[in-house]
Amino acid sequence: MITVKELTRRYARTVAVNQISFTVDKGQIVGFLGPNGAGKTTTMRMLTCFLPPTSGTATVAGFDVLDQSLEVRRRIGYLPETPPLYPDMETRDYLRFVGRLKGLSGEELDRRVDYVIGRCAVSDVKHKLLGKLSKGYRQRVGLAQAIVHNPDVLILDEPTAGLDPKQINETRALIRDLAGEHTIILSTHILPEVEQTCQQVIIINKGRLVATDSVANLEGRARGAETMVLEAAARSGVLDAGAVQRRLAQVPGVGSVLIKEARPASAIFETESRKGELRRGDLARAVIEGGWDLNEIRPAAMTLEEIFLRLTGSEPAAAAEPTPEPAEPAPHEGAPAQAISDAEEPHA
Amino acid sequence: MKNTWIIFSKEMKSYFSSWVAYVLLVLFAVAFGYMFWIALDYFVTAGMEMQMSGQSYPMSINEQIIRPLLGNVSVLSLFFIPVITMRLFAEEKRTGTIELLATSPVRDFEIIFGKWLAALGLYACLLACTAIDFVFLFVYGHPDLKPLAAAYLGLLLQAGGLLALGTFISTLTRNQIIAGASTFAACLMLYVFAWVSGFNSSTWATVLAYLSVVTHDDSFAKGVIESKDAIYYLTVIFLGLFFTARSMESLRWRA
Ligand SMILES: Nc1ncnc2c1ncn2[C@@H]1O[C@H](COP(=O)(O)OP(=O)(O)OP(=O)(O)O)[C@@H](O)[C@H]1O
Ligand SMILES: [Mg+2]
């Protein structure tokens, strides 16, 4: 549905987006993740035909954003970073105006406007001036205007910024609902949002693509080595944490054992092992056979948070490579994996 | 055309819902009413003096009231046109709504034309205020309708050109005040260019005078529609809107 090839955007001094390539399939929700100033907004503006790319191409639904911009614009709904509201218009009039602008008319216009008013929970402020709305309501009206014409592709720049927790959950649910028939790109720096709503993540940093993968894969790939967390307790009296640690270290496949937290009667351990070489049952048996109680055992999944910090924190190897000539296709497909394994090395 | 209409009606509503239109209408009506009253007073006094002194010069409502008054309207417009156009694009840029317009399936010229038409529409409403006063002349006298209509057409064309210029200037900044002040300066320049021909007849003075919006207004004020003057105004309108389109295009590159 969306194909981006070596998209680059320069401003006078900065390169805001640098040779980004990715594709998004129909019906997918893609999270666009990156720290402040990463180039998320700039990329979205190019996809919505607001900014022309300096070089590279982007197509939406098969239409080029530069050459067939009108066709692209017919098919997208866009929520910019600041909701584009006219302060002296009322909510309902505004949504009707946007609907008309996007080509709706007559009965369909009324139907869609009523629908999005309900859907985005703005019926309380239907007849209020947009200039007098609170931040959260502005955001909701902004979302409503983006979906009013039922577009194929939705591009949402930080859709949940400024919403209350209840509304955040509702918005995420709404976004999940919209997927399927719509293709959605949303930008955010909130990681749980990506975990909750998106199937695919695109991580960019300083204008460069750092990783693109499914959420599940990304978590798995970044993990590399497997970490188990377990809590053992003494049957009575004081627990000899050192003894448990030594016992666990003898379990086949375990690389190292750390005592994360030691209390008098119990302790939490973290074992590291190479992926697929450890059987959890061995760990449990070791604890039980040693005469201790096993209170908890679970794999410690690396949170997206940690992945994100790891990928964007240090300059990834891929980004350090000299910029290839624009004419040559850059090896972007290989770059993310490399970035992850390189970042992984000091850890393993 | 449909999109132009959508933009036009949105701008029109915005003029009226933000009270800009009402404020301008009231100010314009008061200022013009005052001038109308002075002119009428002068006309009546002059008429009575002539009767008393037994002389009789031909007196014409068209020549002695309507024509100078409408000349004043074109000066008055200098102050109103910048206020009408300053927000057109500057406001959209400041609030970010330009991002909505520019990513909607609407062509740039449809947006520009719609906005300009709305500005002209509001100006036409201002002119309508003057027409109310003139109704009195028709009630109590017999002025000629045709030259009056021609004069109005001239005013509309002249304003059309200046409004197009103002629309263009509004795309250059996100600050309404700057847009308004620059438009006023530009309109004033186009206005005073005409004065140069009063004391200088060199080539450049002729060119300057030709460029002025006032020199082309005379024929309309006399009640004649000169095609060369109409063409001048239409050219100004076209150029103004053309540069607006260019500027909007380059907005995208600089944004
Ligand atoms: N109009 C502009 N002129 C010059 N530089 C710009 C302009 N807009 C953005 N930039 C620069 O481009 C880079 C990317 O900005 P962008 O707004 O795309 O970041 P972002 O990922 O959306 O950040 P945030 O999370 O803060 O919204 C930044 O370094 C920014 O300073
Ligand atoms: Mg941003």
# chains A, B, ... in the order shown; residues from 1 in each chain; ligands from 1
$ select_by_dssp --residues "stretch 76-311 of chain A" --states "strand (DSSP E or B)" --output "number ranges by chain"
A: 76-79, 90, 129, 153-157, 179, 182-188, 200-205, 208-214, 225-233, 254-262, 266-274, 293-299
$ write_last_selection --atoms "C-alpha atoms" --output "mmCIF file, in the first residue's frame"
data_model
loop_
_atom_site.group_PDB
_atom_site.id
_atom_site.type_symbol
_atom_site.label_atom_id
_atom_site.label_comp_id
_atom_site.auth_asym_id
_atom_site.auth_seq_id
_atom_site.Cartn_x
_atom_site.Cartn_y
_atom_site.Cartn_z
ATOM 1 C CA ILE A 76 -5.271 9.587 2.711
ATOM 2 C CA GLY A 77 -6.502 10.916 5.995
ATOM 3 C CA TYR A 78 -3.934 12.902 7.874
ATOM 4 C CA LEU A 79 -3.736 14.034 11.459
ATOM 5 C CA GLU A 90 -17.899 24.923 15.464
ATOM 6 C CA LEU A 129 -16.120 26.736 18.934
ATOM 7 C CA VAL A 153 -4.585 5.159 4.268
ATOM 8 C CA LEU A 154 -4.455 6.907 7.604
ATOM 9 C CA ILE A 155 -1.419 8.855 8.637
ATOM 10 C CA LEU A 156 -1.504 9.903 12.249
ATOM 11 C CA ASP A 157 1.203 12.027 13.813
ATOM 12 C CA ALA A 179 -7.092 -1.542 10.604
ATOM 13 C CA HIS A 182 -7.432 0.895 6.329
ATOM 14 C CA THR A 183 -3.685 0.988 6.297
ATOM 15 C CA ILE A 184 -2.406 3.013 9.193
ATOM 16 C CA ILE A 185 0.885 4.663 9.982
ATOM 17 C CA LEU A 186 1.123 6.289 13.359
ATOM 18 C CA SER A 187 4.060 8.003 14.922
ATOM 19 C CA THR A 188 4.730 8.008 18.602
ATOM 20 C CA GLN A 200 4.987 -3.588 12.553
ATOM 21 C CA VAL A 201 7.478 -1.057 13.849
ATOM 22 C CA ILE A 202 9.720 1.277 11.975
ATOM 23 C CA ILE A 203 12.342 2.804 14.197
ATOM 24 C CA ILE A 204 14.198 5.847 12.976
ATOM 25 C CA ASN A 205 16.815 7.965 14.626
ATOM 26 C CA ARG A 208 17.975 7.194 9.472
ATOM 27 C CA LEU A 209 16.168 3.905 9.511
ATOM 28 C CA VAL A 210 17.368 1.861 12.471
ATOM 29 C CA ALA A 211 15.073 -1.135 12.322
ATOM 30 C CA THR A 212 11.911 -2.302 10.669
ATOM 31 C CA ASP A 213 10.219 -5.501 11.719
ATOM 32 C CA SER A 214 7.149 -6.949 13.353
ATOM 33 C CA ALA A 225 20.244 -14.507 24.637
ATOM 34 C CA GLU A 226 17.470 -15.775 26.832
ATOM 35 C CA THR A 227 17.019 -14.499 30.338
ATOM 36 C CA MET A 228 14.994 -16.269 32.983
ATOM 37 C CA VAL A 229 13.896 -14.729 36.230
ATOM 38 C CA LEU A 230 13.165 -17.009 39.157
ATOM 39 C CA GLU A 231 12.386 -16.553 42.786
ATOM 40 C CA ALA A 232 13.443 -19.160 45.306
ATOM 41 C CA ALA A 233 12.591 -19.246 49.016
ATOM 42 C CA VAL A 254 23.096 -21.766 32.002
ATOM 43 C CA GLY A 255 25.733 -19.182 31.285
ATOM 44 C CA SER A 256 25.642 -16.998 34.331
ATOM 45 C CA VAL A 257 23.479 -16.444 37.371
ATOM 46 C CA LEU A 258 22.895 -13.122 39.032
ATOM 47 C CA ILE A 259 21.283 -12.413 42.359
ATOM 48 C CA LYS A 260 18.927 -9.600 41.526
ATOM 49 C CA GLU A 261 17.399 -9.126 44.929
ATOM 50 C CA ALA A 262 18.148 -10.915 48.195
ATOM 51 C CA SER A 266 13.917 -15.543 49.600
ATOM 52 C CA ALA A 267 15.843 -14.191 46.641
ATOM 53 C CA ILE A 268 15.319 -13.347 42.968
ATOM 54 C CA PHE A 269 17.795 -14.722 40.450
ATOM 55 C CA GLU A 270 18.392 -14.041 36.824
ATOM 56 C CA THR A 271 19.938 -16.702 34.651
ATOM 57 C CA GLU A 272 21.302 -16.100 31.214
ATOM 58 C CA SER A 273 21.647 -18.745 28.610
ATOM 59 C CA ARG A 274 21.946 -19.065 24.916
ATOM 60 C CA ASP A 293 10.768 -23.562 47.269
ATOM 61 C CA LEU A 294 10.282 -22.210 43.790
ATOM 62 C CA ASN A 295 7.941 -19.243 43.990
ATOM 63 C CA GLU A 296 8.164 -17.999 40.448
ATOM 64 C CA ILE A 297 9.881 -18.715 37.175
ATOM 65 C CA ARG A 298 9.386 -16.708 33.982
ATOM 66 C CA PRO A 299 11.260 -15.569 30.910
#
$ interface_residues --of "chain A" --to "chain B" --cutoff "10 Å" --atoms "only C-alpha atoms" --output "PyMOL selection string"
chain A and resi 11-12+45-54+69-89+93-94+97-103+145-146
$ residues_near_ligand --ligand "ligand 1" --cutoff "6 Å" --atoms "only C-alpha atoms and all ligand atoms" --output "JSON, numbers by chain"
{"A": [11, 16, 35, 36, 37, 38, 39, 40, 41, 42], "B": [255]}
$ write_last_selection --atoms "N, CA, C and O atoms" --output "PDB file, in the first residue's frame"
ATOM      1  N   TYR A  11      16.734  20.103   4.862  1.00  0.00           N
ATOM      2  CA  TYR A  11      16.433  21.506   5.113  1.00  0.00           C
ATOM      3  C   TYR A  11      17.745  22.248   4.925  1.00  0.00           C
ATOM      4  O   TYR A  11      18.771  21.629   4.685  1.00  0.00           O
ATOM      5  N   ALA A  16      16.877  16.040   7.452  1.00  0.00           N
ATOM      6  CA  ALA A  16      15.856  15.596   8.409  1.00  0.00           C
ATOM      7  C   ALA A  16      15.532  14.129   8.220  1.00  0.00           C
ATOM      8  O   ALA A  16      15.288  13.397   9.172  1.00  0.00           O
ATOM      9  N   PRO A  35      13.010   9.073  18.634  1.00  0.00           N
ATOM     10  CA  PRO A  35      13.091  10.167  19.606  1.00  0.00           C
ATOM     11  C   PRO A  35      12.759  11.505  18.948  1.00  0.00           C
ATOM     12  O   PRO A  35      12.581  11.571  17.733  1.00  0.00           O
ATOM     13  N   ASN A  36      12.687  12.564  19.739  1.00  0.00           N
ATOM     14  CA  ASN A  36      12.392  13.899  19.189  1.00  0.00           C
ATOM     15  C   ASN A  36      13.396  14.265  18.112  1.00  0.00           C
ATOM     16  O   ASN A  36      14.586  13.989  18.245  1.00  0.00           O
ATOM     17  N   GLY A  37      12.886  14.842  17.052  1.00  0.00           N
ATOM     18  CA  GLY A  37      13.766  15.294  15.987  1.00  0.00           C
ATOM     19  C   GLY A  37      14.283  14.182  15.098  1.00  0.00           C
ATOM     20  O   GLY A  37      15.187  14.385  14.306  1.00  0.00           O
ATOM     21  N   ALA A  38      13.661  12.989  15.201  1.00  0.00           N
ATOM     22  CA  ALA A  38      14.143  11.858  14.418  1.00  0.00           C
ATOM     23  C   ALA A  38      13.786  12.000  12.947  1.00  0.00           C
ATOM     24  O   ALA A  38      14.436  11.429  12.083  1.00  0.00           O
ATOM     25  N   GLY A  39      12.734  12.750  12.679  1.00  0.00           N
ATOM     26  CA  GLY A  39      12.297  12.899  11.291  1.00  0.00           C
ATOM     27  C   GLY A  39      10.961  12.237  11.013  1.00  0.00           C
ATOM     28  O   GLY A  39      10.589  12.033   9.860  1.00  0.00           O
ATOM     29  N   LYS A  40      10.224  11.910  12.063  1.00  0.00           N
ATOM     30  CA  LYS A  40       8.924  11.252  11.880  1.00  0.00           C
ATOM     31  C   LYS A  40       7.948  12.181  11.168  1.00  0.00           C
ATOM     32  O   LYS A  40       7.348  11.811  10.161  1.00  0.00           O
ATOM     33  N   THR A  41       7.806  13.382  11.713  1.00  0.00           N
ATOM     34  CA  THR A  41       6.862  14.331  11.119  1.00  0.00           C
ATOM     35  C   THR A  41       7.243  14.640   9.681  1.00  0.00           C
ATOM     36  O   THR A  41       6.384  14.696   8.795  1.00  0.00           O
ATOM     37  N   THR A  42       8.531  14.825   9.451  1.00  0.00           N
ATOM     38  CA  THR A  42       8.981  15.144   8.099  1.00  0.00           C
ATOM     39  C   THR A  42       8.614  14.019   7.128  1.00  0.00           C
ATOM     40  O   THR A  42       8.116  14.278   6.028  1.00  0.00           O
TER      41      THR A  42
ATOM     42  N   ALA B 255       8.528  24.825   3.691  1.00  0.00           N
ATOM     43  CA  ALA B 255       7.782  24.618   4.937  1.00  0.00           C
ATOM     44  C   ALA B 255       8.583  23.948   6.045  1.00  0.00           C
ATOM     45  O   ALA B 255       9.390  23.101   5.783  1.00  0.00           O
TER      46      ALA B 255
END
$ closest_residue --among "A:Ala265, A:Ile2, A:Met44, A:Ile307" --to "A:Leu191" --atoms "only C-alpha atoms"
A:Ile307
$ residues_around --residues "stretch 153-162 of chain B" --least-positions-apart "3" --cutoff "10 Å" --atoms "only C-alpha atoms" --output "number ranges by chain"
B: 70-71, 73-74, 77-78, 80-82, 85, 116-117, 119-121, 123-124, 127, 147-150, 165-168, 183-184, 186-187, 190, 213-214, 216-221, 223-226, 229-241
$ atom_distance --atom1 "atom CA of B:Trp5" --atom2 "atom CA of B:Leu88"
15.5 Å
$ closest_residue --among "A:Thr43, A:Gln250, A:Ser123, A:Thr14" --to "ligand 2" --atoms "only C-alpha atoms and all ligand atoms"
A:Thr43
$ select_by_dssp --residues "stretch 36-242 of chain B" --states "helix (DSSP H, G or I)" --output "PyMOL selection string"
chain B and resi 36-52+61-85+87-95+98-102+108-140+145-170+176-198+203-211+218-222+227-242
$ closest_residue --among "B:Ala245, B:Met35, B:Val196, B:Leu188" --to "B:Ile66" --atoms "only C-alpha atoms"
B:Met35
$ atom_distance --atom1 "atom CA of A:Gly242" --atom2 "atom CA of A:Glu277"
23.8 Å
$ residues_around --residues "stretch 143-146 of chain B" --least-positions-apart "3" --cutoff "10 Å" --atoms "only C-alpha atoms" --output "compact mmCIF listing (two decimals) with N, CA and C atoms, in the first residue's frame"
# COMPACT_ATOMS: atom_id res chain seq x y z
N SER B 60 -25.28 68.66 -11.56
CA SER B 60 -25.51 67.24 -11.83
C SER B 60 -25.19 66.42 -10.60
N ILE B 61 -26.11 65.62 -10.21
CA ILE B 61 -25.88 64.75 -9.05
C ILE B 61 -24.74 63.79 -9.37
N ASN B 62 -24.73 63.28 -10.59
CA ASN B 62 -23.68 62.33 -10.97
C ASN B 62 -22.30 62.94 -10.85
N GLU B 63 -22.17 64.14 -11.43
CA GLU B 63 -20.84 64.75 -11.49
C GLU B 63 -20.42 65.33 -10.16
N ILE B 65 -21.88 64.81 -6.91
CA ILE B 65 -21.94 64.03 -5.67
C ILE B 65 -21.32 62.65 -5.88
N ILE B 66 -21.87 61.90 -6.84
CA ILE B 66 -21.50 60.50 -6.96
C ILE B 66 -20.03 60.33 -7.35
N PHE B 134 -26.84 55.96 -1.66
CA PHE B 134 -27.19 56.49 -2.98
C PHE B 134 -28.68 56.34 -3.28
N LEU B 137 -30.51 59.41 -3.20
CA LEU B 137 -30.39 60.28 -4.36
C LEU B 137 -31.44 59.91 -5.41
N PHE B 138 -31.71 58.61 -5.49
CA PHE B 138 -32.70 58.19 -6.48
C PHE B 138 -34.10 58.54 -6.03
N VAL B 139 -34.27 58.56 -4.71
CA VAL B 139 -35.58 58.90 -4.19
C VAL B 139 -35.88 60.38 -4.45
N TYR B 140 -34.86 61.24 -4.22
CA TYR B 140 -35.10 62.68 -4.31
C TYR B 140 -34.59 63.31 -5.61
N ALA B 149 -23.20 52.55 -12.38
CA ALA B 149 -22.86 51.13 -12.49
C ALA B 149 -21.42 50.97 -12.98
N ALA B 150 -21.04 51.79 -13.97
CA ALA B 150 -19.68 51.70 -14.50
C ALA B 150 -18.66 52.02 -13.41
N ALA B 151 -18.99 53.03 -12.61
CA ALA B 151 -18.08 53.41 -11.54
C ALA B 151 -17.91 52.28 -10.53
N TYR B 152 -19.02 51.63 -10.21
CA TYR B 152 -18.93 50.50 -9.29
C TYR B 152 -18.09 49.38 -9.86
N GLY B 223 -17.97 56.96 -16.27
CA GLY B 223 -19.08 56.18 -16.78
C GLY B 223 -18.77 55.47 -18.08
N VAL B 224 -17.49 55.49 -18.49
CA VAL B 224 -17.11 54.79 -19.71
C VAL B 224 -16.32 53.54 -19.33
$ residues_around --residues "A:Phe22" --least-positions-apart "3" --cutoff "8 Å" --atoms "only C-alpha atoms" --output "PDB file with C-alpha atoms, in the first residue's frame"
ATOM      1  CA  THR A   3       6.256   2.042  -0.668  1.00  0.00           C
ATOM      2  CA  VAL A   4       9.075   4.324   0.322  1.00  0.00           C
ATOM      3  CA  LYS A   5      12.390   4.194  -1.478  1.00  0.00           C
ATOM      4  CA  THR A 212      11.911  -2.302  10.669  1.00  0.00           C
TER       5      THR A 212
END
